[in-house]
file entry-v1.pdb (PDB, C-alpha atoms and all ligand atoms)
MODEL        1
ATOM      1  CA  MET N  17      10.004 -16.274 -47.111
ATOM      2  CA  GLN N  18       6.436 -15.206 -47.646
ATOM      3  CA  PRO N  19       5.186 -11.640 -48.116
ATOM      4  CA  PRO N  20       2.799 -10.494 -45.364
ATOM      5  CA  ASP N  21      -0.893 -10.248 -46.157
ATOM      6  CA  ILE N  22      -1.233  -6.604 -45.073
ATOM      7  CA  ALA N  23      -0.306  -3.370 -46.842
ATOM      8  CA  LEU N  24       2.617  -1.461 -45.332
ATOM      9  CA  PRO N  25       4.071   1.950 -46.206
ATOM     10  CA  ASP N  26       7.540   2.231 -47.798
ATOM     11  CA  THR N  27       9.029   2.828 -44.358
ATOM     12  CA  LEU N  28       8.154  -0.669 -43.120
ATOM     13  CA  HIS N  29       8.828  -4.113 -44.548
ATOM     14  CA  CYS N  30       7.769  -7.505 -43.326
ATOM     15  CA  ASP N  31       8.876 -11.040 -44.155
ATOM     16  CA  LEU N  32       7.218 -14.072 -42.704
ATOM     17  CA  GLN N  33       9.816 -16.804 -42.099
ATOM     18  CA  ASP N  34       8.477 -20.116 -40.705
ATOM     19  CA  GLY N  35       5.960 -18.475 -38.406
ATOM     20  CA  ILE N  36       8.211 -15.568 -37.386
ATOM     21  CA  ALA N  37       7.209 -12.153 -38.769
ATOM     22  CA  VAL N  38      10.320 -10.010 -39.236
ATOM     23  CA  LEU N  39       9.301  -6.352 -39.344
ATOM     24  CA  ARG N  40      11.957  -3.900 -40.536
ATOM     25  CA  LEU N  41      11.948  -0.131 -40.021
ATOM     26  CA  SER N  42      13.026   0.873 -43.473
ATOM     27  CA  ARG N  43      13.877   4.554 -43.665
ATOM     28  CA  PRO N  44      17.663   4.455 -43.241
ATOM     29  CA  ASP N  45      18.298   7.816 -44.967
ATOM     30  CA  LYS N  46      16.391   9.469 -42.080
ATOM     31  CA  ARG N  47      17.796   7.052 -39.489
ATOM     32  CA  ASN N  48      14.404   5.326 -39.234
ATOM     33  CA  ALA N  49      12.783   8.466 -37.785
ATOM     34  CA  LEU N  50       9.139   7.642 -37.101
ATOM     35  CA  ASP N  51       6.482   9.700 -38.898
ATOM     36  CA  ASP N  52       2.730   9.405 -38.328
ATOM     37  CA  VAL N  53       2.213   7.087 -41.297
ATOM     38  CA  THR N  54       4.789   4.647 -39.927
ATOM     39  CA  VAL N  55       3.482   4.752 -36.358
ATOM     40  CA  ARG N  56      -0.074   4.209 -37.582
ATOM     41  CA  ALA N  57       1.079   1.270 -39.732
ATOM     42  CA  ILE N  58       2.939  -0.253 -36.777
ATOM     43  CA  GLY N  59      -0.333  -0.069 -34.825
ATOM     44  CA  ARG N  60      -2.278  -1.735 -37.641
ATOM     45  CA  PHE N  61       0.376  -4.425 -38.049
ATOM     46  CA  PHE N  62       0.274  -5.468 -34.399
ATOM     47  CA  ALA N  63      -3.523  -5.218 -34.184
ATOM     48  CA  ASP N  64      -3.780  -7.673 -37.054
ATOM     49  CA  PRO N  65      -0.480  -9.546 -37.526
ATOM     50  CA  PRO N  66       0.138 -11.624 -40.652
ATOM     51  CA  GLU N  67      -1.711 -14.920 -40.731
ATOM     52  CA  GLY N  68       0.505 -17.727 -39.445
ATOM     53  CA  ALA N  69       2.832 -15.486 -37.418
ATOM     54  CA  ARG N  70       3.549 -16.836 -33.932
ATOM     55  CA  ALA N  71       6.111 -14.233 -32.858
ATOM     56  CA  VAL N  72       7.478 -10.960 -34.235
ATOM     57  CA  VAL N  73      11.007  -9.589 -34.540
ATOM     58  CA  ILE N  74      11.404  -5.863 -35.160
ATOM     59  CA  HIS N  75      14.662  -4.311 -36.357
ATOM     60  CA  GLY N  76      15.995  -1.282 -38.192
ATOM     61  CA  GLU N  77      17.659  -0.930 -41.575
ATOM     62  CA  GLY N  78      20.995   0.893 -41.845
ATOM     63  CA  ASP N  79      23.287   1.938 -39.023
ATOM     64  CA  HIS N  80      20.622   2.790 -36.436
ATOM     65  CA  PHE N  81      17.518   1.230 -34.926
ATOM     66  CA  SER N  82      15.613   4.531 -34.802
ATOM     67  CA  ALA N  83      16.243   8.270 -34.308
ATOM     68  CA  GLY N  84      12.794   8.559 -32.710
ATOM     69  CA  LEU N  85      10.094  11.031 -33.630
ATOM     70  CA  ASP N  86      10.360  12.543 -37.094
ATOM     71  CA  LEU N  87      11.201  16.055 -35.952
ATOM     72  CA  THR N  88      10.070  17.616 -39.245
ATOM     73  CA  SER N  89       6.485  16.865 -38.217
ATOM     74  CA  LEU N  90       6.694  18.815 -34.988
ATOM     75  CA  THR N  91       7.105  22.455 -35.918
ATOM     76  CA  GLU N  92       3.480  23.173 -36.859
ATOM     77  CA  ARG N  93       1.687  21.160 -34.171
ATOM     78  CA  ASP N  94      -0.474  22.930 -31.545
ATOM     79  CA  THR N  95      -1.338  21.576 -28.066
ATOM     80  CA  GLU N  96      -4.496  19.740 -29.105
ATOM     81  CA  ALA N  97      -2.755  18.077 -32.028
ATOM     82  CA  GLY N  98       0.107  17.219 -29.662
ATOM     83  CA  ILE N  99      -2.216  15.231 -27.404
ATOM     84  CA  ALA N 100      -3.726  13.404 -30.390
ATOM     85  CA  HIS N 101      -0.228  12.632 -31.662
ATOM     86  CA  SER N 102       0.939  11.184 -28.357
ATOM     87  CA  ARG N 103      -2.229   9.114 -28.079
ATOM     88  CA  LEU N 104      -1.609   7.761 -31.586
ATOM     89  CA  TRP N 105       1.790   6.508 -30.410
ATOM     90  CA  HIS N 106       0.256   5.095 -27.222
ATOM     91  CA  ARG N 107      -2.366   3.147 -29.166
ATOM     92  CA  ALA N 108       0.196   1.742 -31.599
ATOM     93  CA  PHE N 109       2.675   0.711 -28.909
ATOM     94  CA  GLU N 110      -0.059  -0.675 -26.661
ATOM     95  CA  ARG N 111      -0.795  -3.104 -29.472
ATOM     96  CA  ILE N 112       2.807  -4.258 -29.341
ATOM     97  CA  ALA N 113       2.906  -4.589 -25.553
ATOM     98  CA  PHE N 114      -0.541  -6.168 -25.234
ATOM     99  CA  GLY N 115      -0.942  -7.857 -28.596
ATOM    100  CA  ASP N 116      -1.300 -11.556 -29.324
ATOM    101  CA  LEU N 117       2.347 -12.304 -30.086
ATOM    102  CA  PRO N 118       5.710 -12.160 -28.312
ATOM    103  CA  VAL N 119       7.736  -9.289 -29.820
ATOM    104  CA  ILE N 120      11.525  -9.136 -29.846
ATOM    105  CA  ALA N 121      13.471  -6.006 -30.832
ATOM    106  CA  VAL N 122      16.975  -5.950 -32.281
ATOM    107  CA  LEU N 123      18.742  -2.760 -31.194
ATOM    108  CA  HIS N 124      21.781  -1.240 -32.843
ATOM    109  CA  GLY N 125      23.176   2.267 -33.260
ATOM    110  CA  ALA N 126      20.860   5.048 -32.092
ATOM    111  CA  VAL N 127      17.916   3.867 -30.007
ATOM    112  CA  VAL N 128      16.731   7.302 -29.009
ATOM    113  CA  GLY N 129      13.593   9.188 -28.041
ATOM    114  CA  GLY N 130      10.591   7.552 -29.655
ATOM    115  CA  GLY N 131      12.868   4.761 -30.908
ATOM    116  CA  LEU N 132      13.619   3.870 -27.309
ATOM    117  CA  GLU N 133       9.897   4.091 -26.524
ATOM    118  CA  LEU N 134       9.199   1.653 -29.350
ATOM    119  CA  ALA N 135      11.880  -0.698 -28.015
ATOM    120  CA  ALA N 136      10.480  -0.424 -24.481
ATOM    121  CA  SER N 137       7.062  -1.596 -25.661
ATOM    122  CA  THR N 138       8.487  -4.919 -26.910
ATOM    123  CA  HIS N 139       8.892  -7.950 -24.667
ATOM    124  CA  ILE N 140      12.529  -8.862 -25.271
ATOM    125  CA  ARG N 141      15.321  -6.592 -26.494
ATOM    126  CA  VAL N 142      18.534  -7.887 -28.040
ATOM    127  CA  ALA N 143      21.226  -5.187 -28.225
ATOM    128  CA  GLU N 144      24.192  -5.291 -30.537
ATOM    129  CA  ARG N 145      27.334  -3.673 -29.108
ATOM    130  CA  SER N 146      26.808  -0.552 -31.250
ATOM    131  CA  ALA N 147      23.495   0.327 -29.557
ATOM    132  CA  PHE N 148      23.225   3.505 -27.522
ATOM    133  CA  TYR N 149      20.266   4.952 -25.675
ATOM    134  CA  ALA N 150      19.259   8.597 -25.240
ATOM    135  CA  LEU N 151      16.229  10.760 -24.541
ATOM    136  CA  PRO N 152      17.016  14.010 -26.386
ATOM    137  CA  GLU N 153      13.525  15.356 -25.645
ATOM    138  CA  GLY N 154      14.988  17.376 -22.765
ATOM    139  CA  SER N 155      17.261  19.364 -25.054
ATOM    140  CA  ARG N 156      14.709  19.606 -27.886
ATOM    141  CA  GLY N 157      12.237  21.464 -25.642
ATOM    142  CA  ILE N 158       9.660  18.669 -25.718
ATOM    143  CA  TYR N 159       8.657  15.702 -23.562
ATOM    144  CA  VAL N 160       8.423  11.960 -24.206
ATOM    145  CA  GLY N 161       5.047  11.028 -25.678
ATOM    146  CA  GLY N 162       5.313   7.402 -26.743
ATOM    147  CA  GLY N 163       4.931   5.761 -23.346
ATOM    148  CA  ALA N 164       8.440   6.166 -21.868
ATOM    149  CA  SER N 165       7.186   7.720 -18.620
ATOM    150  CA  VAL N 166       5.412   4.443 -17.902
ATOM    151  CA  ARG N 167       7.419   1.759 -19.685
ATOM    152  CA  LEU N 168      10.993   3.008 -19.673
ATOM    153  CA  SER N 169      10.794   4.235 -16.076
ATOM    154  CA  ARG N 170       9.829   0.681 -15.096
ATOM    155  CA  LEU N 171      12.679  -0.826 -17.086
ATOM    156  CA  ILE N 172      15.509   1.415 -15.903
ATOM    157  CA  GLY N 173      14.084   3.386 -12.946
ATOM    158  CA  VAL N 174      12.525   6.854 -12.707
ATOM    159  CA  HIS N 175      15.688   8.601 -11.557
ATOM    160  CA  ARG N 176      17.894   7.164 -14.270
ATOM    161  CA  MET N 177      15.328   8.370 -16.788
ATOM    162  CA  MET N 178      15.243  11.795 -15.111
ATOM    163  CA  ASP N 179      19.025  12.010 -15.429
ATOM    164  CA  MET N 180      18.880  11.110 -19.134
ATOM    165  CA  MET N 181      16.297  13.803 -19.814
ATOM    166  CA  LEU N 182      17.743  16.507 -17.557
ATOM    167  CA  THR N 183      21.386  16.132 -18.527
ATOM    168  CA  GLY N 184      21.370  14.358 -21.896
ATOM    169  CA  ARG N 185      23.183  11.370 -20.402
ATOM    170  CA  THR N 186      23.462   8.434 -22.787
ATOM    171  CA  TYR N 187      24.071   4.753 -22.113
ATOM    172  CA  GLY N 188      25.868   2.204 -24.262
ATOM    173  CA  ALA N 189      24.849  -1.363 -25.005
ATOM    174  CA  GLU N 190      27.165  -2.944 -22.460
ATOM    175  CA  GLU N 191      25.939  -0.929 -19.468
ATOM    176  CA  GLY N 192      22.450  -1.035 -20.999
ATOM    177  CA  VAL N 193      22.174  -4.785 -20.577
ATOM    178  CA  ALA N 194      23.031  -4.492 -16.886
ATOM    179  CA  LEU N 195      20.538  -1.658 -16.373
ATOM    180  CA  GLY N 196      17.515  -3.186 -18.104
ATOM    181  CA  PHE N 197      17.536  -1.458 -21.506
ATOM    182  CA  SER N 198      18.046  -4.879 -23.087
ATOM    183  CA  GLN N 199      18.057  -8.471 -21.861
ATOM    184  CA  TYR N 200      20.717  -9.675 -24.335
ATOM    185  CA  LEU N 201      23.997  -8.277 -25.640
ATOM    186  CA  VAL N 202      25.466  -9.641 -28.872
ATOM    187  CA  GLU N 203      28.203  -8.767 -31.350
ATOM    188  CA  PRO N 204      27.491  -6.432 -34.293
ATOM    189  CA  GLY N 205      25.500  -8.169 -37.011
ATOM    190  CA  GLU N 206      24.379 -11.014 -34.756
ATOM    191  CA  GLY N 207      21.237  -9.414 -33.350
ATOM    192  CA  LEU N 208      18.739 -10.521 -35.960
ATOM    193  CA  ALA N 209      19.738 -14.193 -35.847
ATOM    194  CA  LYS N 210      19.657 -14.156 -32.046
ATOM    195  CA  ALA N 211      16.231 -12.489 -32.017
ATOM    196  CA  VAL N 212      14.801 -14.964 -34.533
ATOM    197  CA  ALA N 213      16.137 -17.865 -32.438
ATOM    198  CA  LEU N 214      14.493 -16.388 -29.326
ATOM    199  CA  ALA N 215      11.267 -15.806 -31.256
ATOM    200  CA  ARG N 216      11.212 -19.450 -32.365
ATOM    201  CA  ARG N 217      11.680 -20.552 -28.788
ATOM    202  CA  ALA N 218       8.853 -18.306 -27.523
ATOM    203  CA  ALA N 219       6.599 -19.486 -30.352
ATOM    204  CA  GLU N 220       6.919 -23.089 -29.129
ATOM    205  CA  ASN N 221       5.222 -22.308 -25.809
ATOM    206  CA  ALA N 222       1.606 -23.193 -25.200
ATOM    207  CA  PRO N 223      -0.519 -20.291 -26.508
ATOM    208  CA  LEU N 224      -2.279 -19.948 -23.148
ATOM    209  CA  THR N 225       1.046 -19.668 -21.351
ATOM    210  CA  ASN N 226       2.151 -16.929 -23.746
ATOM    211  CA  PHE N 227      -1.180 -15.183 -23.190
ATOM    212  CA  ALA N 228      -0.545 -15.260 -19.446
ATOM    213  CA  ILE N 229       3.000 -13.959 -19.850
ATOM    214  CA  LEU N 230       2.041 -11.115 -22.189
ATOM    215  CA  HIS N 231      -1.288 -10.084 -20.670
ATOM    216  CA  ALA N 232      -1.436 -11.215 -17.050
ATOM    217  CA  LEU N 233       2.176 -10.830 -15.899
ATOM    218  CA  PRO N 234       2.631  -7.087 -16.580
ATOM    219  CA  ARG N 235      -0.768  -6.325 -15.042
ATOM    220  CA  ILE N 236      -0.025  -8.486 -12.003
ATOM    221  CA  ALA N 237       3.351  -6.766 -11.630
ATOM    222  CA  ALA N 238       1.618  -3.356 -11.697
ATOM    223  CA  ALA N 239      -1.163  -4.378  -9.272
ATOM    224  CA  ASP N 240      -1.088  -4.088  -5.487
ATOM    225  CA  PRO N 241       0.440  -7.314  -4.062
ATOM    226  CA  GLU N 242      -2.791  -8.791  -2.677
ATOM    227  CA  THR N 243      -4.637  -8.314  -5.961
ATOM    228  CA  GLY N 244      -1.597  -9.513  -7.871
ATOM    229  CA  LEU N 245      -1.360 -12.760  -5.923
ATOM    230  CA  LEU N 246      -5.042 -13.482  -6.459
ATOM    231  CA  MET N 247      -4.703 -12.778 -10.179
ATOM    232  CA  GLU N 248      -1.687 -15.097 -10.277
ATOM    233  CA  SER N 249      -3.649 -17.945  -8.663
ATOM    234  CA  LEU N 250      -6.486 -17.517 -11.129
ATOM    235  CA  MET N 251      -4.149 -17.404 -14.108
ATOM    236  CA  ALA N 252      -2.197 -20.431 -12.858
ATOM    237  CA  ALA N 253      -5.399 -22.444 -12.461
ATOM    238  CA  ILE N 254      -6.634 -21.485 -15.922
ATOM    239  CA  ALA N 255      -3.315 -22.432 -17.530
ATOM    240  CA  GLN N 256      -3.032 -25.743 -15.637
ATOM    241  CA  GLY N 257      -6.529 -26.747 -16.639
ATOM    242  CA  SER N 258      -5.811 -26.627 -20.355
ATOM    243  CA  ASP N 259      -5.415 -29.812 -22.406
ATOM    244  CA  GLU N 260      -2.098 -28.556 -23.716
ATOM    245  CA  ALA N 261      -0.698 -28.209 -20.185
ATOM    246  CA  LYS N 262      -1.805 -31.737 -19.340
ATOM    247  CA  ALA N 263      -0.236 -33.134 -22.507
ATOM    248  CA  ARG N 264       3.039 -31.296 -21.861
ATOM    249  CA  LEU N 265       3.203 -32.441 -18.225
ATOM    250  CA  ARG N 266       2.481 -36.035 -19.262
ATOM    251  CA  ALA N 267       5.254 -35.821 -21.846
ATOM    252  CA  PHE N 268       7.721 -34.754 -19.150
ATOM    253  CA  LEU N 269       6.650 -37.467 -16.711
ATOM    254  CA  GLU N 270       6.930 -40.082 -19.459
ATOM    255  CA  LYS N 271      10.436 -38.783 -20.262
ATOM    256  CA  ARG N 272       9.436 -37.572 -23.718
ATOM    257  CA  ALA N 273      10.114 -33.868 -23.015
ATOM    258  CA  GLY N 274      13.403 -32.038 -22.602
ATOM    259  CA  LYS N 275      14.948 -31.303 -19.219
ATOM    260  CA  VAL N 276      15.886 -27.820 -18.090
ATOM    261  CA  ALA N 277      19.490 -27.208 -19.137
ATOM    262  CA  HIS N 278      21.783 -24.280 -18.454
ATOM    263  CA  SER N 279      24.134 -23.282 -21.255
TER     264      SER N 279
HETATM  265  C1  LIG N 301      15.983  13.053 -38.790
HETATM  266  C2  LIG N 301      15.910  12.594 -37.464
HETATM  267  C3  LIG N 301      14.695  12.801 -36.765
HETATM  268  C4  LIG N 301      17.875  12.144 -38.216
HETATM  269  N1  LIG N 301      13.690  13.423 -37.424
HETATM  270  N2  LIG N 301      14.964  13.660 -39.398
HETATM  271  N3  LIG N 301      15.278  12.457 -32.073
HETATM  272  C5  LIG N 301      16.451  13.103 -31.982
HETATM  273  O1  LIG N 301      16.568  14.168 -31.426
HETATM  274  C6  LIG N 301      17.606  12.427 -32.664
HETATM  275  C7  LIG N 301      18.053  13.257 -33.854
HETATM  276  N4  LIG N 301      19.009  12.536 -34.689
HETATM  277  C8  LIG N 301      20.329  12.415 -34.356
HETATM  278  O2  LIG N 301      20.778  12.793 -33.283
HETATM  279  C9  LIG N 301      21.208  11.754 -35.370
HETATM  280  O3  LIG N 301      20.564  11.821 -36.634
HETATM  281  C10 LIG N 301      21.534  10.266 -35.079
HETATM  282  C11 LIG N 301      22.473  10.172 -33.864
HETATM  283  C12 LIG N 301      20.289   9.439 -34.846
HETATM  284  C13 LIG N 301      22.256   9.664 -36.322
HETATM  285  O4  LIG N 301      23.357  10.478 -36.691
HETATM  286  P1  LIG N 301      23.935  10.361 -38.163
HETATM  287  O5  LIG N 301      25.178  11.223 -38.200
HETATM  288  O6  LIG N 301      24.073   8.942 -38.566
HETATM  289  O7  LIG N 301      22.805  10.951 -39.147
HETATM  290  P2  LIG N 301      22.442  12.494 -39.475
HETATM  291  O8  LIG N 301      23.390  13.033 -40.505
HETATM  292  O9  LIG N 301      22.276  13.296 -38.237
HETATM  293  O10 LIG N 301      20.986  12.349 -40.097
HETATM  294  C14 LIG N 301      20.777  11.818 -41.400
HETATM  295  C15 LIG N 301      19.473  12.386 -41.912
HETATM  296  O11 LIG N 301      18.412  11.948 -41.075
HETATM  297  C16 LIG N 301      19.446  13.916 -41.826
HETATM  298  O12 LIG N 301      18.649  14.389 -42.890
HETATM  299  P3  LIG N 301      19.328  14.975 -44.251
HETATM  300  O13 LIG N 301      18.163  15.380 -45.087
HETATM  301  O14 LIG N 301      20.200  16.106 -43.803
HETATM  302  O15 LIG N 301      20.123  13.816 -44.834
HETATM  303  C17 LIG N 301      18.741  14.183 -40.536
HETATM  304  O16 LIG N 301      18.105  15.457 -40.496
HETATM  305  C18 LIG N 301      17.701  13.064 -40.557
HETATM  306  N5  LIG N 301      17.219  12.753 -39.221
HETATM  307  N6  LIG N 301      17.103  12.042 -37.137
HETATM  308  C19 LIG N 301      13.830  13.826 -38.687
HETATM  309  N7  LIG N 301      14.526  12.390 -35.528
HETATM  310  C20 LIG N 301       6.389  10.361 -29.253
HETATM  311  S1  LIG N 301       7.388  11.594 -28.830
HETATM  312  C21 LIG N 301       8.992  11.081 -29.135
HETATM  313  C22 LIG N 301       9.912  12.270 -29.027
HETATM  314  C23 LIG N 301      11.238  12.004 -29.645
HETATM  315  O17 LIG N 301      11.488  10.991 -30.229
HETATM  316  S2  LIG N 301      12.373  13.255 -29.493
HETATM  317  C24 LIG N 301      13.845  12.604 -30.154
HETATM  318  C25 LIG N 301      14.034  12.962 -31.577
ENDMDL
END

call {"tool": "encode", "arguments": {"input": "entry-v1.pdb", "output": "structure tokens"}}
result
Amino acid sequence: MQPPDIALPDTLHCDLQDGIAVLRLSRPDKRNALDDVTVRAIGRFFADPPEGARAVVIHGEGDHFSAGLDLTSLTERDTEAGIAHSRLWHRAFERIAFGDLPVIAVLHGAVVGGGLELAASTHIRVAERSAFYALPEGSRGIYVGGGASVRLSRLIGVHRMMDMMLTGRTYGAEEGVALGFSQYLVEPGEGLAKAVALARRAAENAPLTNFAILHALPRIAAADPETGLLMESLMAAIAQGSDEAKARLRAFLEKRAGKVAHS
């Protein structure tokens, strides 16, 4: 394990393990509630990830992934400061969603409010059976501000999100995997190892392919179909033209590369 080459606050820790940066929310006494310092540091981390990192895993210390926004910071904030605060979260999470590296979240315990928004900005989510999802903003008299209206509504559907906010409905890990909150469901304590294994796999892809997956795919999916199909053709041609693609295709044709296998 190597220490990262960037300064982090006490609420965040990072280890670099063979090209995988493992970022830990580290404020378990407050259930990894996210204050401004932490959100800003998350933004800086993903804008400039540790040298040598090829994928990132993010997880939470203690019994919960994250209790969301640090509610102690909210009582004094006026409307103008509220907009700036939400935009701070947007900038930080945009750097996760549209950064240079695949990001995999390990979810356990409470994944609520801003914690769920953080999870929704990652590319792959691995849920342990203890994970549960909620948007308590409805009952706290506030509104989501960390991107859930855009990202979570796309993952689980606008009306499911409406229900969560209007009625306080929560979802558990098992139903969550069927509904799009996570792509994987694992036993308690197995999430980190699973996420690191997935990160290693993603890190083996050609960098240009990962660029296309992280940057082109979500934009194509959000575009009108005609524009999306054109963007897909352009991206496909760019990827195919790379030396790495040619080398990988040659390796397959010469029987030096693995076959697709279902396990
Ligand atoms: C907190 C926070 C927090 C806990 N801000 N301090 N988020 C929420 O509305 C969720 C609020 N939290 C909870 O519902 C529960 O804490 C949990 C279900 C997450 C965990 O329960 P539990 O029994 O393990 O912990 P606890 O005893 O409730 O909390 C332990 C301590 O953490 C306690 O402080 P202490 O000084 O009394 O020990 C809690 O006050 C503190 N704590 N959660 C501040 N969120 C960009 S906009 C996003 C908008 C939102 O995210 S709204 C959702 C906010």

call {"tool": "closest_residue", "arguments": {"input": "entry-v1.pdb", "among": "N:Leu230, N:Val73, N:Ile58, N:Leu50", "to": "ligand LIG 301 (chain N)", "atoms": "only C-alpha atoms and all ligand atoms"}}
result
N:Leu50

call {"tool": "residues_near_ligand", "arguments": {"input": "entry-v1.pdb", "ligand": "ligand LIG 301 (chain N)", "cutoff": "9 Å", "atoms": "only C-alpha atoms and all ligand atoms", "output": "PyMOL selection string"}}
result
chain N and resi 44-51+79-89+101-106+125-133+150-156+158-164

call {"tool": "write_last_selection", "arguments": {"input": "entry-v1.pdb", "atoms": "C-alpha atoms", "output": "CSV table (one decimal), in the frame of the given file"}}
result
chain,number,residue,atom,x,y,z
N,44,PRO,CA,17.7,4.5,-43.2
N,45,ASP,CA,18.3,7.8,-45.0
N,46,LYS,CA,16.4,9.5,-42.1
N,47,ARG,CA,17.8,7.1,-39.5
N,48,ASN,CA,14.4,5.3,-39.2
N,49,ALA,CA,12.8,8.5,-37.8
N,50,LEU,CA,9.1,7.6,-37.1
N,51,ASP,CA,6.5,9.7,-38.9
N,79,ASP,CA,23.3,1.9,-39.0
N,80,HIS,CA,20.6,2.8,-36.4
N,81,PHE,CA,17.5,1.2,-34.9
N,82,SER,CA,15.6,4.5,-34.8
N,83,ALA,CA,16.2,8.3,-34.3
N,84,GLY,CA,12.8,8.6,-32.7
N,85,LEU,CA,10.1,11.0,-33.6
N,86,ASP,CA,10.4,12.5,-37.1
N,87,LEU,CA,11.2,16.1,-36.0
N,88,THR,CA,10.1,17.6,-39.2
N,89,SER,CA,6.5,16.9,-38.2
N,101,HIS,CA,-0.2,12.6,-31.7
N,102,SER,CA,0.9,11.2,-28.4
N,103,ARG,CA,-2.2,9.1,-28.1
N,104,LEU,CA,-1.6,7.8,-31.6
N,105,TRP,CA,1.8,6.5,-30.4
N,106,HIS,CA,0.3,5.1,-27.2
N,125,GLY,CA,23.2,2.3,-33.3
N,126,ALA,CA,20.9,5.0,-32.1
N,127,VAL,CA,17.9,3.9,-30.0
N,128,VAL,CA,16.7,7.3,-29.0
N,129,GLY,CA,13.6,9.2,-28.0
N,130,GLY,CA,10.6,7.6,-29.7
N,131,GLY,CA,12.9,4.8,-30.9
N,132,LEU,CA,13.6,3.9,-27.3
N,133,GLU,CA,9.9,4.1,-26.5
N,150,ALA,CA,19.3,8.6,-25.2
N,151,LEU,CA,16.2,10.8,-24.5
N,152,PRO,CA,17.0,14.0,-26.4
N,153,GLU,CA,13.5,15.4,-25.6
N,154,GLY,CA,15.0,17.4,-22.8
N,155,SER,CA,17.3,19.4,-25.1
N,156,ARG,CA,14.7,19.6,-27.9
N,158,ILE,CA,9.7,18.7,-25.7
N,159,TYR,CA,8.7,15.7,-23.6
N,160,VAL,CA,8.4,12.0,-24.2
N,161,GLY,CA,5.0,11.0,-25.7
N,162,GLY,CA,5.3,7.4,-26.7
N,163,GLY,CA,4.9,5.8,-23.3
N,164,ALA,CA,8.4,6.2,-21.9

call {"tool": "closest_residue", "arguments": {"input": "entry-v1.pdb", "among": "N:Leu171, N:Ala113, N:Val72, N:Val202", "to": "Leu233 (chain N)", "atoms": "all atoms listed in the file"}}
result
N:Ala113

call {"tool": "axis_aligned_box", "arguments": {"input": "entry-v1.pdb", "around": "region 265-278 of chain N", "padding_each_side": "4 Å", "output": "AutoDock Vina command-line options"}}
result
--center_x 12.1 --center_y -32.2 --center_z -20.2 --size_x 27.3 --size_y 23.8 --size_z 15.0

call {"tool": "atom_distance", "arguments": {"input": "entry-v1.pdb", "atom1": "CA of Glu144 (chain N)", "atom2": "CA of Thr186 (chain N)"}}
result
15.8 Å

call {"tool": "closest_residue", "arguments": {"input": "entry-v1.pdb", "among": "N:Leu250, N:Ile172, N:Ala100, N:Ala219", "to": "Leu117 (chain N)", "atoms": "all atoms listed in the file"}}
result
N:Ala219

call {"tool": "atom_distance", "arguments": {"input": "entry-v1.pdb", "atom1": "CA of Glu96 (chain N)", "atom2": "CA of Val166 (chain N)"}}
result
21.4 Å

call {"tool": "resolve_selection", "arguments": {"input": "entry-v1.pdb", "expression": "the PyMOL selection byres (((chain N and resi 200) around 12) and not hetatm)", "output": "ChimeraX atom specification"}}
result
/N:120-123,139-145,147,189-199,201-203,206-208,210-211,214

call {"tool": "write_last_selection", "arguments": {"input": "entry-v1.pdb", "atoms": "C-alpha atoms", "output": "compact mmCIF listing (two decimals), in the coordinates of the input"}}
result
# COMPACT_ATOMS: atom_id res chain seq x y z
CA ILE N 120 11.52 -9.14 -29.85
CA ALA N 121 13.47 -6.01 -30.83
CA VAL N 122 16.98 -5.95 -32.28
CA LEU N 123 18.74 -2.76 -31.19
CA HIS N 139 8.89 -7.95 -24.67
CA ILE N 140 12.53 -8.86 -25.27
CA ARG N 141 15.32 -6.59 -26.49
CA VAL N 142 18.53 -7.89 -28.04
CA ALA N 143 21.23 -5.19 -28.22
CA GLU N 144 24.19 -5.29 -30.54
CA ARG N 145 27.33 -3.67 -29.11
CA ALA N 147 23.50 0.33 -29.56
CA ALA N 189 24.85 -1.36 -25.00
CA GLU N 190 27.16 -2.94 -22.46
CA GLU N 191 25.94 -0.93 -19.47
CA GLY N 192 22.45 -1.03 -21.00
CA VAL N 193 22.17 -4.78 -20.58
CA ALA N 194 23.03 -4.49 -16.89
CA LEU N 195 20.54 -1.66 -16.37
CA GLY N 196 17.52 -3.19 -18.10
CA PHE N 197 17.54 -1.46 -21.51
CA SER N 198 18.05 -4.88 -23.09
CA GLN N 199 18.06 -8.47 -21.86
CA LEU N 201 24.00 -8.28 -25.64
CA VAL N 202 25.47 -9.64 -28.87
CA GLU N 203 28.20 -8.77 -31.35
CA GLU N 206 24.38 -11.01 -34.76
CA GLY N 207 21.24 -9.41 -33.35
CA LEU N 208 18.74 -10.52 -35.96
CA LYS N 210 19.66 -14.16 -32.05
CA ALA N 211 16.23 -12.49 -32.02
CA LEU N 214 14.49 -16.39 -29.33

call {"tool": "atom_distance", "arguments": {"input": "entry-v1.pdb", "atom1": "CA of Ala252 (chain N)", "atom2": "CA of Ala69 (chain N)"}}
result
25.6 Å

call {"tool": "resolve_selection", "arguments": {"input": "entry-v1.pdb", "expression": "the PyMOL selection byres (((chain N and resi 231) around 12) and not hetatm)", "output": "PyMOL selection string"}}
result
chain N and resi 110-118+139+223-230+232-238+247-248+251

call {"tool": "residues_near_point", "arguments": {"input": "entry-v1.pdb", "point": "(4.8, -12.0, -42.6)", "cutoff": "12 Å", "atoms": "all atoms listed in the file", "output": "PyMOL selection string"}}
result
chain N and resi 17-24+28-40+61-62+64-74
